[in-house]
file input.tsv (TSV, C-alpha atoms)
chain	number	residue	atom	x	y	z
A	5	ILE	CA	-14.52	19.56	-0.46
A	6	ILE	CA	-15.10	20.98	3.00
A	7	ARG	CA	-18.44	22.03	4.47
A	8	LYS	CA	-18.54	23.42	8.00
A	9	LYS	CA	-21.57	23.98	10.19
A	10	MET	CA	-20.31	26.43	12.79
A	11	SER	CA	-23.30	26.51	15.14
A	12	ASN	CA	-22.93	22.88	16.25
A	13	ASN	CA	-19.17	22.65	15.78
A	14	ILE	CA	-19.48	19.92	13.15
A	15	LEU	CA	-17.06	19.58	10.26
A	16	PHE	CA	-17.88	17.45	7.22
A	17	ILE	CA	-15.03	16.38	4.92
A	18	PHE	CA	-15.83	14.84	1.54
A	19	ASN	CA	-12.94	13.16	-0.24
A	20	ILE	CA	-12.95	11.33	-3.59
A	21	PHE	CA	-9.31	10.23	-3.38
A	22	PRO	CA	-8.92	7.94	-0.32
A	23	GLY	CA	-5.58	6.70	0.94
A	24	VAL	CA	-2.31	8.23	2.04
A	25	GLY	CA	-2.35	11.96	1.48
A	26	GLY	CA	-6.16	11.91	1.48
A	27	LEU	CA	-8.54	11.88	4.44
A	28	GLU	CA	-5.93	11.46	7.15
A	29	THR	CA	-3.79	14.34	5.91
A	30	VAL	CA	-6.78	16.60	5.30
A	31	SER	CA	-8.36	15.82	8.68
A	32	ASN	CA	-5.16	16.29	10.67
A	33	ASN	CA	-4.23	19.51	8.91
A	34	ILE	CA	-7.67	21.01	9.52
A	35	ILE	CA	-7.64	19.95	13.17
A	36	ASP	CA	-4.30	21.71	13.55
A	37	TYR	CA	-5.79	24.84	12.01
A	38	ILE	CA	-9.21	25.11	13.70
A	39	GLY	CA	-8.58	23.24	16.94
A	40	LYS	CA	-10.14	20.07	18.32
A	41	ASP	CA	-13.55	21.39	19.36
A	42	PHE	CA	-15.21	19.99	16.24
A	43	THR	CA	-16.86	16.65	15.56
A	44	ILE	CA	-15.40	15.48	12.26
A	45	TYR	CA	-17.22	13.23	9.80
A	46	THR	CA	-15.46	12.03	6.67
A	47	LEU	CA	-16.98	10.59	3.51
A	48	SER	CA	-14.73	8.59	1.18
A	49	PHE	CA	-15.56	7.26	-2.29
A	50	ASN	CA	-13.99	4.32	-4.17
A	51	ALA	CA	-12.51	2.66	-1.06
A	52	VAL	CA	-12.85	-1.04	-0.33
A	53	ASN	CA	-15.01	-2.39	2.47
A	54	ASN	CA	-13.06	-3.85	5.39
A	55	ALA	CA	-9.73	-2.56	4.05
A	56	PRO	CA	-7.22	-1.59	6.74
A	57	THR	CA	-7.18	2.17	7.28
A	58	SER	CA	-5.51	4.66	9.57
A	59	PRO	CA	-7.10	5.06	13.02
A	60	ALA	CA	-6.59	8.83	12.68
A	61	ILE	CA	-9.62	8.92	10.37
A	62	THR	CA	-12.71	9.55	12.48
A	63	GLU	CA	-15.34	7.88	10.35
A	64	ILE	CA	-15.39	6.49	6.81
A	65	PHE	CA	-18.43	5.61	4.72
A	66	GLN	CA	-17.26	3.39	1.88
A	67	PHE	CA	-19.06	2.84	-1.42
A	68	LYS	CA	-18.39	-0.15	-3.65
A	69	THR	CA	-17.68	0.36	-7.33
A	70	ASP	CA	-18.67	-1.94	-10.18
A	71	ASN	CA	-15.12	-3.12	-10.86
A	72	GLU	CA	-14.07	-3.63	-7.23
A	73	ILE	CA	-12.79	-7.01	-6.11
A	74	SER	CA	-13.10	-8.31	-2.56
A	75	ILE	CA	-10.35	-7.85	-0.01
A	76	ASP	CA	-9.80	-11.62	0.07
A	77	THR	CA	-9.38	-11.72	-3.71
A	78	ALA	CA	-7.03	-8.75	-3.56
A	79	LYS	CA	-4.94	-10.46	-0.90
A	80	VAL	CA	-4.67	-13.62	-3.02
A	81	LEU	CA	-3.23	-11.57	-5.88
A	82	LEU	CA	-0.90	-9.76	-3.51
A	83	GLN	CA	0.23	-13.09	-2.07
A	84	SER	CA	0.80	-14.83	-5.39
A	85	SER	CA	2.42	-12.10	-7.50
A	86	ARG	CA	6.18	-12.31	-7.90
A	87	ARG	CA	6.85	-8.60	-8.37
A	88	GLY	CA	5.22	-5.21	-7.93
A	89	VAL	CA	5.92	-1.51	-8.29
A	90	LEU	CA	6.99	0.59	-5.30
A	91	ALA	CA	6.41	4.36	-5.51
A	92	VAL	CA	8.16	6.77	-3.13
A	93	ASN	CA	8.44	10.53	-2.84
A	94	GLY	CA	11.57	11.41	-4.81
A	95	ASP	CA	13.67	14.54	-5.20
A	96	ASP	CA	12.01	17.90	-5.85
A	97	GLY	CA	8.54	16.43	-5.46
A	98	TYR	CA	8.90	13.95	-8.33
A	99	PRO	CA	7.52	10.47	-7.64
A	100	TYR	CA	10.00	7.63	-8.01
A	101	ALA	CA	8.61	4.20	-8.92
A	102	ILE	CA	10.63	1.00	-9.28
A	103	PRO	CA	9.81	-2.70	-9.74
A	104	ILE	CA	10.67	-4.87	-6.75
A	105	ASN	CA	10.42	-8.45	-5.57
A	106	TYR	CA	8.60	-8.83	-2.28
A	107	VAL	CA	6.82	-11.12	0.14
A	108	TYR	CA	3.44	-10.34	1.74
A	109	ASP	CA	2.57	-11.32	5.32
A	110	ASP	CA	-1.21	-11.26	5.68
A	111	ASP	CA	-1.18	-11.93	9.44
A	112	ALA	CA	1.16	-9.02	10.16
A	113	GLN	CA	-0.33	-6.85	7.41
A	114	LYS	CA	3.16	-6.09	6.14
A	115	ILE	CA	5.11	-6.30	2.89
A	116	TYR	CA	8.83	-7.08	2.99
A	117	PHE	CA	11.42	-6.41	0.30
A	118	HIS	CA	15.19	-6.20	0.16
A	119	GLY	CA	17.51	-3.52	-1.16
A	120	ALA	CA	20.96	-2.03	-1.11
A	121	ARG	CA	22.13	0.17	1.74
A	122	ALA	CA	22.57	3.23	-0.48
A	123	GLY	CA	20.77	4.76	-3.43
A	124	HIS	CA	17.93	7.02	-4.48
A	125	LYS	CA	15.26	4.72	-3.02
A	126	VAL	CA	16.94	4.67	0.40
A	127	ASP	CA	17.40	8.45	0.38
A	128	ALA	CA	13.73	8.94	-0.53
A	129	LEU	CA	12.53	6.64	2.26
A	130	ARG	CA	14.67	8.45	4.80
A	131	ALA	CA	13.07	11.74	3.74
A	132	CYS	CA	9.48	10.39	3.71
A	133	ASP	CA	8.23	6.99	4.83
A	134	LYS	CA	4.89	7.18	2.97
A	135	VAL	CA	4.77	4.81	0.00
A	136	CYS	CA	2.41	3.29	-2.54
A	137	PHE	CA	2.78	-0.27	-3.80
A	138	MET	CA	0.85	-2.02	-6.57
A	139	VAL	CA	0.65	-5.37	-8.32
A	140	TYR	CA	-1.42	-6.53	-11.26
A	141	GLY	CA	-2.16	-9.85	-12.94
A	142	ASN	CA	-4.71	-12.70	-13.04
A	143	GLU	CA	-5.46	-11.95	-16.67
A	144	THR	CA	-8.54	-13.86	-17.86
A	145	ILE	CA	-10.69	-14.00	-20.98
A	146	LYS	CA	-14.40	-13.74	-20.23
A	147	GLU	CA	-15.91	-12.14	-23.31
A	148	GLU	CA	-13.90	-10.90	-26.28
A	149	ASP	CA	-10.63	-12.77	-26.70
A	150	TRP	CA	-8.89	-9.51	-27.62
A	151	ALA	CA	-9.94	-7.68	-24.44
A	152	PRO	CA	-8.86	-9.58	-21.30
A	153	PHE	CA	-9.87	-8.77	-17.75
A	154	VAL	CA	-6.99	-7.82	-15.43
A	155	GLN	CA	-6.92	-7.50	-11.65
A	156	SER	CA	-4.80	-5.01	-9.70
A	157	VAL	CA	-4.11	-4.22	-6.05
A	158	VAL	CA	-2.95	-0.88	-4.62
A	159	VAL	CA	-1.46	-0.57	-1.14
A	160	PHE	CA	-0.76	2.60	0.81
A	161	GLY	CA	1.45	2.47	3.86
A	162	ARG	CA	4.62	3.49	5.64
A	163	CYS	CA	7.98	1.92	4.92
A	164	TYR	CA	10.76	1.35	7.43
A	165	LEU	CA	14.17	-0.24	7.47
A	166	VAL	CA	14.34	-3.37	9.62
A	167	GLU	CA	17.29	-2.97	11.94
A	168	SER	CA	20.10	-5.50	11.53
A	169	GLY	CA	19.79	-8.53	13.75
A	170	GLU	CA	18.09	-11.88	14.07
A	171	ARG	CA	14.69	-10.59	12.93
A	172	ALA	CA	16.16	-8.96	9.83
A	173	THR	CA	17.97	-12.17	8.90
A	174	THR	CA	14.82	-14.24	9.42
A	175	LEU	CA	12.76	-11.90	7.23
A	176	LEU	CA	15.43	-11.81	4.53
A	177	LYS	CA	15.48	-15.60	4.43
A	178	ARG	CA	11.68	-15.74	4.28
A	179	PHE	CA	11.74	-13.28	1.39
A	180	ALA	CA	14.41	-15.26	-0.48
A	181	MET	CA	12.59	-18.59	-0.04
A	182	LYS	CA	9.81	-17.20	-2.25
A	183	TYR	CA	12.21	-17.01	-5.20
A	184	TYR	CA	14.99	-19.57	-4.67
A	185	PRO	CA	14.46	-23.30	-5.21
A	186	SER	CA	16.21	-24.46	-2.05
A	187	GLU	CA	17.12	-23.33	1.44
A	188	GLN	CA	20.77	-24.10	0.75
A	189	LEU	CA	20.90	-21.61	-2.10
A	190	VAL	CA	19.19	-19.02	0.10
A	191	ASP	CA	21.75	-19.46	2.88
A	192	GLU	CA	24.61	-19.24	0.38
A	193	GLU	CA	23.22	-16.07	-1.18
A	194	ILE	CA	22.67	-14.38	2.18
A	195	ALA	CA	26.19	-15.29	3.27
A	196	HIS	CA	27.60	-13.93	0.01
A	197	ALA	CA	25.62	-10.67	0.16
A	198	GLY	CA	26.63	-10.06	3.77
A	199	LYS	CA	25.86	-6.61	5.13
A	200	ALA	CA	25.41	-5.09	1.67
A	201	VAL	CA	21.74	-6.09	1.66
A	202	GLN	CA	19.06	-4.93	4.06
A	203	ILE	CA	15.35	-5.66	4.49
A	204	PHE	CA	12.52	-3.13	4.47
A	205	GLU	CA	8.94	-3.49	5.69
A	206	ILE	CA	5.79	-1.70	4.59
A	207	GLU	CA	3.04	-1.39	7.20
A	208	VAL	CA	-0.20	-1.66	5.25
A	209	GLU	CA	-2.58	1.20	6.07
A	210	HIS	CA	-4.99	0.84	3.15
A	211	LEU	CA	-5.49	-1.93	0.61
A	212	SER	CA	-7.88	-1.99	-2.34
A	213	GLY	CA	-8.29	-3.96	-5.54
A	214	LYS	CA	-10.22	-3.89	-8.79
A	215	GLU	CA	-10.74	-5.78	-12.03
A	216	ILE	CA	-11.03	-4.02	-15.36
A	217	GLN	CA	-11.40	-5.10	-18.95
A	218	GLU	CA	-8.72	-3.81	-21.30
A	219	ARG	CA	-10.89	-2.30	-23.98
call {"tool": "encode", "arguments": {"input": "input.tsv", "output": "structure tokens"}}
result
Amino acid sequence: IIRKKMSNNILFIFNIFPGVGGLETVSNNIIDYIGKDFTIYTLSFNAVNNAPTSPAITEIFQFKTDNEISIDTAKVLLQSSRRGVLAVNGDDGYPYAIPINYVYDDDAQKIYFHGARAGHKVDALRACDKVCFMVYGNETIKEEDWAPFVQSVVVFGRCYLVESGERATTLLKRFAMKYYPSEQLVDEEIAHAGKAVQIFEIEVEHLSGKEIQER
């Protein structure tokens, strides 16, 4: 929803779907169309306080929802989960979502995962680096034993291939250590896989989490 006050060159943008493809895309597209002589204010609903967001967004007012979980709680789930679902922009505009193993680096605000050098996922990432990643878990019983509470985390960001080299090998080993019982097995697996495996990184631009009851 766009409201424009022409006399003072102020543009208000109201968005109820924050994240990649939301405020940043809308703001940048409008700036390209009308020029940069406007002060832009953006209002976003259902985002999480203190979540990382793109610096291209001029100003965000964030409102908490009843089922929101804190960023720290969301990061704990993201850190502890063993697998998640990666969604990319596929062929002909169809989304393509696949389960992946991953490792989350809170300090770097990045998610790392491995994959083959060829395939639909790789082709999609070459065409568009914008991705969505989600995990869910921490199922608990608080009220009715037939209707558990479940937490989920959604991440928006940009995904890049880590170029081959020492850093890529270090990240691949760090990723593998999350799943293998010993460093020896990790080294053997990396040596066996050789150059057939590569490591990708997702730069986290927006992170949010919630808890709902399945009823």
call {"tool": "atom_distance", "arguments": {"input": "input.tsv", "atom1": "atom CA of Leu129 of chain A", "atom2": "atom CA of Cys163 of chain A"}}
result
7.1 Å
call {"tool": "residues_around", "arguments": {"input": "input.tsv", "residues": "Ala91 of chain A", "least_positions_apart": "3", "cutoff": "7 Å", "atoms": "only C-alpha atoms", "output": "PyMOL selection string"}}
result
chain A and resi 99-102+135-137
call {"tool": "closest_atom_pairs", "arguments": {"input": "input.tsv", "of": "segment 135-202 of chain A", "to": "segment 76-79 of chain A", "cutoff": "12 Å", "atoms": "only C-alpha atoms", "output": "CSV"}}
result
residue,atom,partner,partner_atom,distance
A:Met138,CA,A:Ala78,CA,10.8
A:Val139,CA,A:Ala78,CA,9.6
A:Tyr140,CA,A:Ala78,CA,9.8
A:Gly141,CA,A:Ala78,CA,10.6
A:Asn142,CA,A:Thr77,CA,10.5
A:Val154,CA,A:Ala78,CA,11.9
A:Gln155,CA,A:Ala78,CA,8.2
A:Ser156,CA,A:Ala78,CA,7.5
A:Val157,CA,A:Ala78,CA,5.9
A:Val158,CA,A:Ala78,CA,8.9
A:Val159,CA,A:Ala78,CA,10.2
call {"tool": "closest_residue", "arguments": {"input": "input.tsv", "among": "A:Ile206, A:Val190, A:Ala151, A:Ala112", "to": "Arg219 of chain A", "atoms": "all atoms listed in the file"}}
result
A:Ala151
call {"tool": "atom_distance", "arguments": {"input": "input.tsv", "atom1": "atom CA of Asp95 of chain A", "atom2": "atom CA of Ile115 of chain A"}}
result
23.9 Å
call {"tool": "residues_around", "arguments": {"input": "input.tsv", "residues": "Ile203 of chain A", "least_positions_apart": "2", "cutoff": "8 Å", "atoms": "all atoms listed in the file", "output": "PyMOL selection string"}}
result
chain A and resi 116-119+165-166+172+175-176+201+205
call {"tool": "closest_residue", "arguments": {"input": "input.tsv", "among": "A:Ile145, A:Ala120, A:Ala131, A:Leu81", "to": "Ala200 of chain A", "atoms": "only C-alpha atoms"}}
result
A:Ala120
call {"tool": "atom_distance", "arguments": {"input": "input.tsv", "atom1": "atom CA of Lys199 of chain A", "atom2": "atom CA of Tyr164 of chain A"}}
result
17.2 Å
call {"tool": "residues_around", "arguments": {"input": "input.tsv", "residues": "Glu148 of chain A", "least_positions_apart": "5", "cutoff": "12 Å", "atoms": "only C-alpha atoms", "output": "ChimeraX atom specification"}}
result
/A:153,217-219
